[in-house]
Structures are given as structure tokens and as C-alpha cells.
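Okay, work_35.txt now, which holds compact mmCIF, C-alpha atoms:
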# COMPACT_ATOMS: atom_id res chain seq x y z
CA MET Z 270 -99.54 -92.57 -14.80
CA ALA Z 271 -99.84 -88.79 -14.52
CA LYS Z 272 -103.22 -87.31 -13.73
CA PRO Z 273 -104.95 -85.44 -16.55
CA ILE Z 274 -104.46 -81.68 -16.63
CA LYS Z 275 -107.65 -79.96 -15.48
CA ALA Z 276 -106.41 -76.40 -14.79
CA LEU Z 277 -103.70 -73.97 -15.85
CA ILE Z 278 -101.91 -71.64 -13.43
CA PHE Z 279 -99.76 -68.86 -14.85
CA ASP Z 280 -97.08 -66.75 -13.26
CA LEU Z 281 -97.58 -63.22 -14.56
CA GLU Z 282 -94.35 -61.46 -15.53
CA GLY Z 283 -92.41 -63.18 -18.28
CA VAL Z 284 -95.28 -65.64 -18.75
CA VAL Z 285 -98.40 -63.57 -19.45
CA ILE Z 286 -97.01 -60.04 -19.80
CA ASP Z 287 -93.61 -58.85 -21.02
CA THR Z 288 -92.65 -56.42 -18.26
CA MET Z 289 -88.96 -57.28 -18.53
CA ARG Z 290 -88.67 -55.38 -21.81
CA SER Z 291 -91.41 -52.80 -21.20
CA VAL Z 292 -90.75 -51.95 -17.54
CA TRP Z 293 -87.82 -53.41 -15.62
CA ILE Z 294 -84.92 -53.06 -18.05
CA PRO Z 295 -85.79 -49.55 -19.31
CA ALA Z 296 -86.62 -48.39 -15.77
CA ASP Z 297 -83.31 -49.59 -14.37
CA LYS Z 298 -81.43 -48.16 -17.34
CA GLU Z 299 -82.97 -44.79 -16.49
CA PHE Z 300 -82.25 -45.21 -12.76
CA CYS Z 301 -78.58 -45.96 -13.49
CA ARG Z 302 -78.35 -43.05 -15.95
CA LEU Z 303 -79.65 -40.62 -13.33
CA GLN Z 304 -77.01 -41.91 -10.92
CA GLY Z 305 -74.33 -41.33 -13.56
CA TYR Z 306 -73.76 -44.97 -14.49
CA LYS Z 307 -74.53 -47.31 -17.40
CA PHE Z 308 -76.84 -50.29 -16.96
CA THR Z 309 -75.35 -53.56 -18.24
CA GLN Z 310 -76.76 -56.99 -19.06
CA ASP Z 311 -74.62 -58.52 -16.31
CA LEU Z 312 -76.16 -56.15 -13.77
CA GLY Z 313 -79.63 -56.95 -15.06
CA THR Z 314 -78.99 -60.66 -14.53
CA LYS Z 315 -77.99 -60.01 -10.92
CA ILE Z 316 -81.12 -57.95 -10.25
CA THR Z 317 -83.65 -60.25 -11.96
CA GLY Z 318 -85.91 -61.96 -9.42
CA THR Z 319 -84.83 -59.85 -6.45
CA SER Z 320 -86.99 -57.54 -4.34
CA LEU Z 321 -87.14 -53.85 -5.22
CA LEU Z 322 -84.97 -52.97 -2.21
CA ASP Z 323 -82.47 -55.75 -2.88
CA GLY Z 324 -82.20 -54.52 -6.46
CA VAL Z 325 -81.21 -51.09 -5.16
CA ARG Z 326 -78.65 -52.68 -2.85
CA ILE Z 327 -77.15 -54.66 -5.72
CA MET Z 328 -76.83 -51.55 -7.89
CA LYS Z 329 -75.47 -49.56 -4.95
CA ASP Z 330 -72.76 -52.14 -4.33
CA HIS Z 331 -72.07 -52.70 -8.04
CA PHE Z 332 -71.35 -49.05 -8.76
CA GLY Z 333 -70.33 -47.87 -5.30
CA ILE Z 334 -73.27 -45.45 -5.23
CA LYS Z 335 -73.36 -43.25 -2.17
CA GLY Z 336 -76.60 -42.28 -0.53
CA ASP Z 337 -79.47 -43.48 1.61
CA GLU Z 338 -81.00 -46.81 0.54
CA GLN Z 339 -84.56 -45.66 1.16
CA LYS Z 340 -84.07 -42.49 -0.87
CA LEU Z 341 -82.59 -44.50 -3.73
CA LEU Z 342 -85.47 -46.98 -3.49
CA ASN Z 343 -88.00 -44.14 -3.70
CA GLU Z 344 -86.23 -42.82 -6.80
CA ARG Z 345 -86.30 -46.28 -8.39
CA LEU Z 346 -89.99 -46.74 -7.53
CA LYS Z 347 -90.91 -43.40 -9.10
CA ILE Z 348 -89.22 -44.43 -12.35
CA ILE Z 349 -90.81 -47.90 -12.28
CA ASP Z 350 -94.25 -46.37 -11.70
CA GLY Z 351 -93.79 -44.27 -14.82
CA PHE Z 352 -92.97 -47.27 -16.99
CA PHE Z 353 -95.86 -49.34 -15.60
CA ALA Z 354 -98.19 -46.53 -16.66
CA LYS Z 355 -97.08 -46.99 -20.28
CA LYS Z 356 -98.18 -49.75 -22.68
CA ILE Z 357 -97.63 -53.29 -21.42
CA ASP Z 358 -97.48 -56.08 -24.00
CA PHE Z 359 -98.47 -59.72 -23.70
CA ILE Z 360 -95.81 -62.39 -24.09
CA THR Z 361 -95.80 -63.54 -27.71
CA GLY Z 362 -98.19 -66.44 -28.22
CA PHE Z 363 -99.91 -66.22 -24.82
CA LYS Z 364 -103.26 -64.85 -26.00
CA GLU Z 365 -103.50 -67.46 -28.75
CA PHE Z 366 -102.60 -70.25 -26.32
CA ILE Z 367 -105.11 -69.25 -23.64
CA SER Z 368 -107.80 -68.87 -26.32
CA GLN Z 369 -107.09 -72.32 -27.73
CA ASN Z 370 -107.34 -73.86 -24.25
CA ASN Z 371 -110.31 -71.90 -22.91
CA ASN Z 372 -112.00 -75.17 -21.96
CA LEU Z 373 -109.64 -75.39 -18.97
CA PRO Z 374 -110.06 -73.16 -15.89
CA ALA Z 375 -107.08 -70.85 -15.45
CA ALA Z 376 -105.58 -68.52 -12.84
CA VAL Z 377 -102.71 -66.09 -12.37
CA ALA Z 378 -100.44 -66.59 -9.35
CA THR Z 379 -97.91 -63.78 -9.02
CA ALA Z 380 -95.48 -62.06 -6.68
CA LEU Z 381 -96.19 -58.68 -8.27
CA LYS Z 382 -97.18 -55.98 -5.80
CA LEU Z 383 -100.91 -55.23 -5.68
CA LYS Z 384 -100.40 -51.64 -6.85
CA TYR Z 385 -98.77 -52.81 -10.07
CA LEU Z 386 -101.22 -55.69 -10.45
CA ASP Z 387 -104.08 -53.17 -10.49
CA ILE Z 388 -102.29 -51.11 -13.15
CA VAL Z 389 -101.80 -54.20 -15.32
CA ASP Z 390 -105.44 -55.21 -14.83
CA ASN Z 391 -106.63 -51.76 -15.91
CA GLN Z 392 -104.43 -51.91 -19.01
CA VAL Z 393 -105.06 -55.43 -20.29
CA GLY Z 394 -108.20 -56.65 -18.51
CA LEU Z 395 -106.41 -59.40 -16.61
CA LYS Z 396 -109.20 -60.25 -14.14
CA LYS Z 397 -111.79 -60.41 -16.90
CA MET Z 398 -109.52 -62.66 -18.95
CA PHE Z 399 -109.09 -65.07 -16.01
CA GLY Z 400 -112.62 -64.87 -14.64
CA GLY Z 401 -111.42 -63.08 -11.50
CA HIS Z 402 -108.83 -65.75 -10.69
CA VAL Z 403 -105.86 -63.40 -10.27
CA TYR Z 404 -103.91 -63.89 -7.04
CA SER Z 405 -100.88 -62.21 -5.47
CA ILE Z 406 -98.70 -63.48 -2.64
CA TYR Z 407 -99.43 -60.20 -0.85
CA GLU Z 408 -103.03 -61.36 -0.39
CA ILE Z 409 -102.10 -64.60 1.37
CA GLY Z 410 -99.29 -63.80 3.80
CA ASP Z 411 -96.31 -62.62 1.73
CA ARG Z 412 -94.51 -66.01 1.49
CA SER Z 413 -92.96 -65.79 -1.94
CA LYS Z 414 -91.81 -68.54 -4.27
CA PRO Z 415 -90.16 -71.07 -3.88
CA HIS Z 416 -92.79 -71.53 -1.15
CA PRO Z 417 -95.78 -73.21 -2.83
CA ASP Z 418 -98.44 -71.14 -1.03
CA ILE Z 419 -99.57 -69.02 -3.99
CA PHE Z 420 -99.97 -72.00 -6.32
CA LEU Z 421 -101.85 -74.02 -3.70
CA HIS Z 422 -104.10 -71.01 -3.06
CA ALA Z 423 -104.88 -70.72 -6.78
CA ALA Z 424 -105.66 -74.44 -7.02
CA GLN Z 425 -107.97 -74.19 -4.02
CA LYS Z 426 -109.82 -71.24 -5.55
CA LEU Z 427 -110.16 -73.12 -8.84
CA GLU Z 428 -111.35 -76.17 -6.87
CA ILE Z 429 -108.87 -78.41 -8.69
CA ASP Z 430 -106.51 -80.95 -7.13
CA PRO Z 431 -102.89 -79.64 -7.21
CA GLY Z 432 -101.76 -82.76 -9.05
CA GLU Z 433 -104.14 -81.87 -11.88
CA CYS Z 434 -102.81 -78.31 -12.27
CA LEU Z 435 -100.14 -77.27 -14.75
CA VAL Z 436 -98.01 -74.24 -13.85
CA PHE Z 437 -96.42 -71.92 -16.41
CA GLU Z 438 -93.28 -70.21 -15.09
CA ASP Z 439 -90.17 -68.37 -16.23
CA ALA Z 440 -88.01 -68.56 -13.10
CA PRO Z 441 -86.23 -71.25 -11.05
CA ASN Z 442 -87.99 -70.25 -7.80
CA GLY Z 443 -91.37 -70.56 -9.48
CA ILE Z 444 -90.51 -73.98 -10.86
CA GLU Z 445 -89.45 -75.13 -7.39
CA ALA Z 446 -92.68 -73.71 -5.92
CA ALA Z 447 -94.69 -75.74 -8.43
CA ARG Z 448 -92.74 -78.89 -7.53
CA ARG Z 449 -93.38 -78.33 -3.81
CA ALA Z 450 -97.07 -77.85 -4.58
CA GLY Z 451 -97.16 -81.21 -6.34
CA MET Z 452 -97.80 -79.62 -9.73
CA ARG Z 453 -96.23 -80.14 -13.13
CA SER Z 454 -94.66 -77.11 -14.79
CA VAL Z 455 -93.83 -75.61 -18.15
CA ALA Z 456 -90.84 -73.25 -18.12
CA LEU Z 457 -90.61 -70.48 -20.70
CA THR Z 458 -87.14 -69.20 -21.61
CA THR Z 459 -88.33 -65.59 -21.65
CA THR Z 460 -86.25 -64.51 -18.65
CA TYR Z 461 -83.71 -67.20 -17.69
CA PRO Z 462 -81.53 -69.46 -19.88
CA ARG Z 463 -82.66 -73.03 -20.48
CA GLN Z 464 -79.99 -74.50 -18.19
CA ASP Z 465 -81.46 -72.64 -15.20
CA LEU Z 466 -84.91 -74.14 -15.78
CA LYS Z 467 -84.09 -77.85 -15.68
CA GLY Z 468 -86.38 -78.51 -12.73
CA ALA Z 469 -89.46 -77.99 -14.90
CA THR Z 470 -91.46 -80.83 -16.41
CA VAL Z 471 -91.00 -79.24 -19.83
CA VAL Z 472 -88.84 -76.31 -21.00
CA VAL Z 473 -89.97 -74.39 -24.10
CA ASP Z 474 -88.92 -71.29 -25.99
CA SER Z 475 -92.48 -70.33 -26.93
CA TYR Z 476 -96.12 -71.23 -26.37
CA GLU Z 477 -96.22 -72.81 -29.83
CA GLU Z 478 -94.11 -75.68 -28.46
CA VAL Z 479 -96.55 -76.56 -25.65
CA ASP Z 480 -98.49 -79.80 -26.16
CA LEU Z 481 -100.72 -80.40 -23.14
CA GLU Z 482 -101.41 -83.99 -24.15
CA LYS Z 483 -97.71 -84.87 -23.80
CA ILE Z 484 -97.15 -83.33 -20.35
Can the structure in the file be given as C-alpha cells, please?
Amino acid sequence: MAKPIKALIFDLEGVVIDTMRSVWIPADKEFCRLQGYKFTQDLGTKITGTSLLDGVRIMKDHFGIKGDEQKLLNERLKIIDGFFAKKIDFITGFKEFISQNNNLPAAVATALKLKYLDIVDNQVGLKKMFGGHVYSIYEIGDRSKPHPDIFLHAAQKLEIDPGECLVFEDAPNGIEAARRAGMRSVALTTTYPRQDLKGATVVVDSYEEVDLEKI
């Protein structure tokens, strides 16, 4: 019999905030436009989940862009910074869900760089919302998902056994990280198609479908 759920751990992008539509896609559309190319959905799929530098390399190879990688990365970062400074929206249904389950301790466990995490916090009050339990892999040694480190760190800070934590994710690597941490997971189809998220305990299209008593 599964242990009762005593804590919730949320990935950030695609789970709490909608940076795919407000930052990454428009930023990379602008980056491609400035290079003289058109951003496509296929290219976006290839870039999703990669590092900022790897994303540049993928676009460079995809279009045959000439030029220094570091210079191109700096150009991409400048554009991304501009979009992060604009309005960032919550994922539909998240605020209602977290409010309805405010009896459970909760944390954010993200791979977002600290600079951007601070911007998000200033915009939406992330740390206040989670009682200070907002953690980035860059604070604990830079081992990204699918390594379970960030989820185990969050559980330790919440003082909850990993087996009693439920992770909310939108990416295959995050789902695998939760599995390695010994945690159950809910996968949201905000970023990847349902077939890529089969490793999760439950796959849902929205927070309205989540029933904690059945997980």
C-alpha cells in the first residue's frame, strides 16, 4: 500500500509558470529572425529541455549559421533576459490547486538559473507562496535531472520522507528524477506529448484532473 502524500514538490517551468509561451518560444523566434531564419515548431521541439548553449548549437546546425558559439549565446541570452523581464503567467489552474491543498507543505525544485529564478520571484512572489522552499540545482552542485538530487534536497528541507512526496513535472527527465528519488509523480502535458510522459504515476492535461486521494 502506498504511503500517504504529505508534501508536494513542483518543477517550475511548465508546471508553476508558463515560460514556454511567455519567454522561450518568443525569444527563440526573435533570435532566429535576427539571424535571418524562421523559427519552427520542429526546431522548438529539438531545443526544449536543452541547455542554453546546446540550444544555440542546435539552431546553428539546423540553419547552418556561421559565427562564434559564445557570441551567438550572448545574443540569445540578451533576448531571453528581455522576455523574462516582461509579464510571466502562472500555468492555468496552478494557483487554484495550490490554494485548495494549502494544508500540505510544498516546495519548488527547478533547473532554472538563479538569475532568472530571482526575476520570477520578484514578479510573482514565488518564495512567499512556497514559504521560502524554492530550490535550484545550481545551489546543490549542478547535477540536473534525471539525477534525483534536487528532489531529495527539497524533501530533506521539508522534513518529509521521499516516499511521501508527490512531484509535479512536465518533462521525461523530471519524471525519471522523481522515480530515482523514490517519489510518485504527476505529469502535466504542458510541454511534452502524453506518450513521452508514460513513466509518471499519473498523466494529466490540467490541474483539474488531479485527485490526490487516488495517487
**Pick from Z:Phe352, Z:Phe366, Z:Phe300, Z:Trp293, whichever lies nearest to Asp480 in chain Z using all atoms listed in the file** =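 The shortest atom-to-atom distance to Asp480 in chain Z comes from Z:Phe366.
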8 Å contact set for range 419-432 of chain Z, only C-alpha atoms, chain neighbours under 4 positions out, as a PDB file with C-alpha atoms, in the frame of the given file:
ATOM      1  CA  LYS Z 272    -103.220 -87.310 -13.730  1.00  0.00           C
ATOM      2  CA  LYS Z 275    -107.650 -79.960 -15.480  1.00  0.00           C
ATOM      3  CA  ALA Z 276    -106.410 -76.400 -14.790  1.00  0.00           C
ATOM      4  CA  ILE Z 278    -101.910 -71.640 -13.430  1.00  0.00           C
ATOM      5  CA  PRO Z 374    -110.060 -73.160 -15.890  1.00  0.00           C
ATOM      6  CA  ALA Z 375    -107.080 -70.850 -15.450  1.00  0.00           C
ATOM      7  CA  ALA Z 376    -105.580 -68.520 -12.840  1.00  0.00           C
ATOM      8  CA  VAL Z 377    -102.710 -66.090 -12.370  1.00  0.00           C
ATOM      9  CA  ALA Z 378    -100.440 -66.590  -9.350  1.00  0.00           C
ATOM     10  CA  THR Z 379     -97.910 -63.780  -9.020  1.00  0.00           C
ATOM     11  CA  HIS Z 402    -108.830 -65.750 -10.690  1.00  0.00           C
ATOM     12  CA  TYR Z 404    -103.910 -63.890  -7.040  1.00  0.00           C
ATOM     13  CA  SER Z 405    -100.880 -62.210  -5.470  1.00  0.00           C
ATOM     14  CA  ILE Z 406     -98.700 -63.480  -2.640  1.00  0.00           C
ATOM     15  CA  ILE Z 409    -102.100 -64.600   1.370  1.00  0.00           C
ATOM     16  CA  SER Z 413     -92.960 -65.790  -1.940  1.00  0.00           C
ATOM     17  CA  LYS Z 414     -91.810 -68.540  -4.270  1.00  0.00           C
ATOM     18  CA  ALA Z 446     -92.680 -73.710  -5.920  1.00  0.00           C
ATOM     19  CA  ALA Z 447     -94.690 -75.740  -8.430  1.00  0.00           C
ATOM     20  CA  ALA Z 450     -97.070 -77.850  -4.580  1.00  0.00           C
ATOM     21  CA  GLY Z 451     -97.160 -81.210  -6.340  1.00  0.00           C
ATOM     22  CA  MET Z 452     -97.800 -79.620  -9.730  1.00  0.00           C
ATOM     23  CA  ARG Z 453     -96.230 -80.140 -13.130  1.00  0.00           C
TER      24      ARG Z 453
END
**Request:** Go through Z:Ser454, Z:Asn391, Z:Thr361, Z:Thr288 and flag the residue nearest Asn442 in chain Z, using only C-alpha atoms for the distances.
**Result:**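 Counting only C-alpha atoms, the residue closest to Asn442 in chain Z is Z:Ser454.
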**Asked** Using all atoms listed in the file, which of Z:Lys329, Z:Asn343, Z:Glu438, Z:Glu445 sits nearest Thr459 in chain Z?
**Response**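 The closest residue to Thr459 in chain Z is Z:Glu438.
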**Request:** Have a look at Z:Leu322, Z:Cys434, Z:Leu312, Z:Leu281 and name the one nearest to Ala380 in chain Z; count all atoms listed in the file.
**Result:** Z:Leu281
The centre and edge lengths of an axis-aligned box containing all atoms of range 440-449 of chain Z present in the file, extended by 4 Å on each side, are to be given in Å to one decimal, as AutoDock Vina command-line options.
--center_x -90.5 --center_y -73.7 --center_z -8.5 --size_x 16.5 --size_y 18.3 --size_z 17.3
**Request:** One decimal, Å: what's the distance from CA of Thr314 in chain Z over to CA of Val472 in chain Z, could you say?
**Result:**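 Those two atoms sit 19.6 Å apart.
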**Asked** Quick one, how far is CA of Leu481 in chain Z from CA of Ala271 in chain Z?
**Response**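 Interatomic distance, CA of Leu481 in chain Z to CA of Ala271 in chain Z: 12.1 Å.
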**Message:** Could you list, as a list in words, every residue within 12 Å of Gln304 in chain Z, counting all atoms listed in the file and ignoring same-chain residues fewer than 6 positions away?
**Reply:**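 Counting all atoms listed in the file, the residues come to Asp297, Lys298, Val325, Met328, Lys329, Phe332, Gly333, Ile334, Lys335, Gly336, Leu341, Glu344 and Arg345 of chain Z.
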**Message:** Calculated over all atoms listed in the file, which of the candidates Z:Gly443, Z:Glu482, Z:Phe399, Z:Gln392 has the smallest distance to Pro417 in chain Z?
**Reply:**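 Nearest to Pro417 in chain Z: Z:Gly443.
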**Pick from Z:Ile388, Z:Ile274, Z:His331, Z:Leu381 nearest to Thr319 in chain Z, counting all atoms listed in the file** =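 Smallest separation from Thr319 in chain Z among the options: Z:Leu381.
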**Request:** Have a look at CA of Pro441 in chain Z and CA of Tyr306 in chain Z and let me know their distance in Å, one decimal.
**Result:**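 It comes out at 29.3 Å.
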Just write range 323-351 of chain Z with N, CA and C atoms, as a short mmCIF file (atom, residue, chain, number, x, y, z; two decimals), in the first residue's frame, taken from the block above.
data_model
loop_
_atom_site.label_atom_id
_atom_site.label_comp_id
_atom_site.auth_asym_id
_atom_site.auth_seq_id
_atom_site.Cartn_x
_atom_site.Cartn_y
_atom_site.Cartn_z
N ASP Z 323 23.56 24.47 -25.63
CA ASP Z 323 23.18 23.40 -26.55
C ASP Z 323 22.07 23.85 -27.49
N GLY Z 324 21.17 24.70 -26.98
CA GLY Z 324 20.13 25.25 -27.83
C GLY Z 324 20.71 26.07 -28.98
N VAL Z 325 21.74 26.85 -28.68
CA VAL Z 325 22.43 27.62 -29.72
C VAL Z 325 23.07 26.68 -30.73
N ARG Z 326 23.70 25.63 -30.24
CA ARG Z 326 24.35 24.66 -31.14
C ARG Z 326 23.35 23.97 -32.06
N ILE Z 327 22.19 23.65 -31.51
CA ILE Z 327 21.14 23.01 -32.31
C ILE Z 327 20.67 23.96 -33.41
N MET Z 328 20.42 25.22 -33.07
CA MET Z 328 19.98 26.19 -34.07
C MET Z 328 21.08 26.47 -35.09
N LYS Z 329 22.31 26.50 -34.62
CA LYS Z 329 23.46 26.74 -35.51
C LYS Z 329 23.55 25.62 -36.56
N ASP Z 330 23.42 24.39 -36.09
CA ASP Z 330 23.49 23.24 -37.00
C ASP Z 330 22.26 23.17 -37.90
N HIS Z 331 21.10 23.47 -37.34
CA HIS Z 331 19.83 23.37 -38.07
C HIS Z 331 19.82 24.31 -39.28
N PHE Z 332 20.29 25.53 -39.07
CA PHE Z 332 20.25 26.53 -40.14
C PHE Z 332 21.58 26.70 -40.87
N GLY Z 333 22.64 26.12 -40.32
CA GLY Z 333 23.96 26.35 -40.90
C GLY Z 333 24.46 27.76 -40.60
N ILE Z 334 24.13 28.26 -39.41
CA ILE Z 334 24.53 29.62 -39.02
C ILE Z 334 26.04 29.67 -38.81
N LYS Z 335 26.65 30.66 -39.38
CA LYS Z 335 28.09 30.87 -39.18
C LYS Z 335 28.28 31.80 -37.98
N GLY Z 336 29.42 31.68 -37.36
CA GLY Z 336 29.70 32.59 -36.25
C GLY Z 336 30.12 31.87 -35.00
N ASP Z 337 30.70 32.62 -34.08
CA ASP Z 337 31.21 32.09 -32.83
C ASP Z 337 30.07 31.68 -31.90
N GLU Z 338 30.17 30.49 -31.32
CA GLU Z 338 29.12 29.97 -30.43
C GLU Z 338 28.87 30.89 -29.24
N GLN Z 339 29.95 31.37 -28.64
CA GLN Z 339 29.80 32.21 -27.45
C GLN Z 339 29.12 33.53 -27.78
N LYS Z 340 29.46 34.09 -28.94
CA LYS Z 340 28.82 35.34 -29.36
C LYS Z 340 27.32 35.12 -29.60
N LEU Z 341 27.00 34.00 -30.26
CA LEU Z 341 25.60 33.67 -30.51
C LEU Z 341 24.85 33.42 -29.20
N LEU Z 342 25.53 32.76 -28.26
CA LEU Z 342 24.92 32.51 -26.95
C LEU Z 342 24.63 33.83 -26.24
N ASN Z 343 25.57 34.75 -26.29
CA ASN Z 343 25.36 36.06 -25.65
C ASN Z 343 24.18 36.80 -26.26
N GLU Z 344 24.03 36.68 -27.59
CA GLU Z 344 22.90 37.31 -28.27
C GLU Z 344 21.59 36.68 -27.82
N ARG Z 345 21.60 35.35 -27.72
CA ARG Z 345 20.39 34.64 -27.27
C ARG Z 345 20.04 35.03 -25.83
N LEU Z 346 21.05 35.09 -24.96
CA LEU Z 346 20.82 35.43 -23.56
C LEU Z 346 20.24 36.84 -23.41
N LYS Z 347 20.73 37.76 -24.21
CA LYS Z 347 20.23 39.14 -24.15
C LYS Z 347 18.74 39.18 -24.49
N ILE Z 348 18.35 38.41 -25.50
CA ILE Z 348 16.94 38.36 -25.90
C ILE Z 348 16.10 37.70 -24.81
N ILE Z 349 16.60 36.58 -24.27
CA ILE Z 349 15.89 35.86 -23.21
C ILE Z 349 15.70 36.76 -21.99
N ASP Z 350 16.75 37.49 -21.62
CA ASP Z 350 16.66 38.41 -20.48
C ASP Z 350 15.51 39.39 -20.66
N GLY Z 351 15.38 39.89 -21.88
CA GLY Z 351 14.32 40.85 -22.17
C GLY Z 351 12.93 40.27 -21.97
#
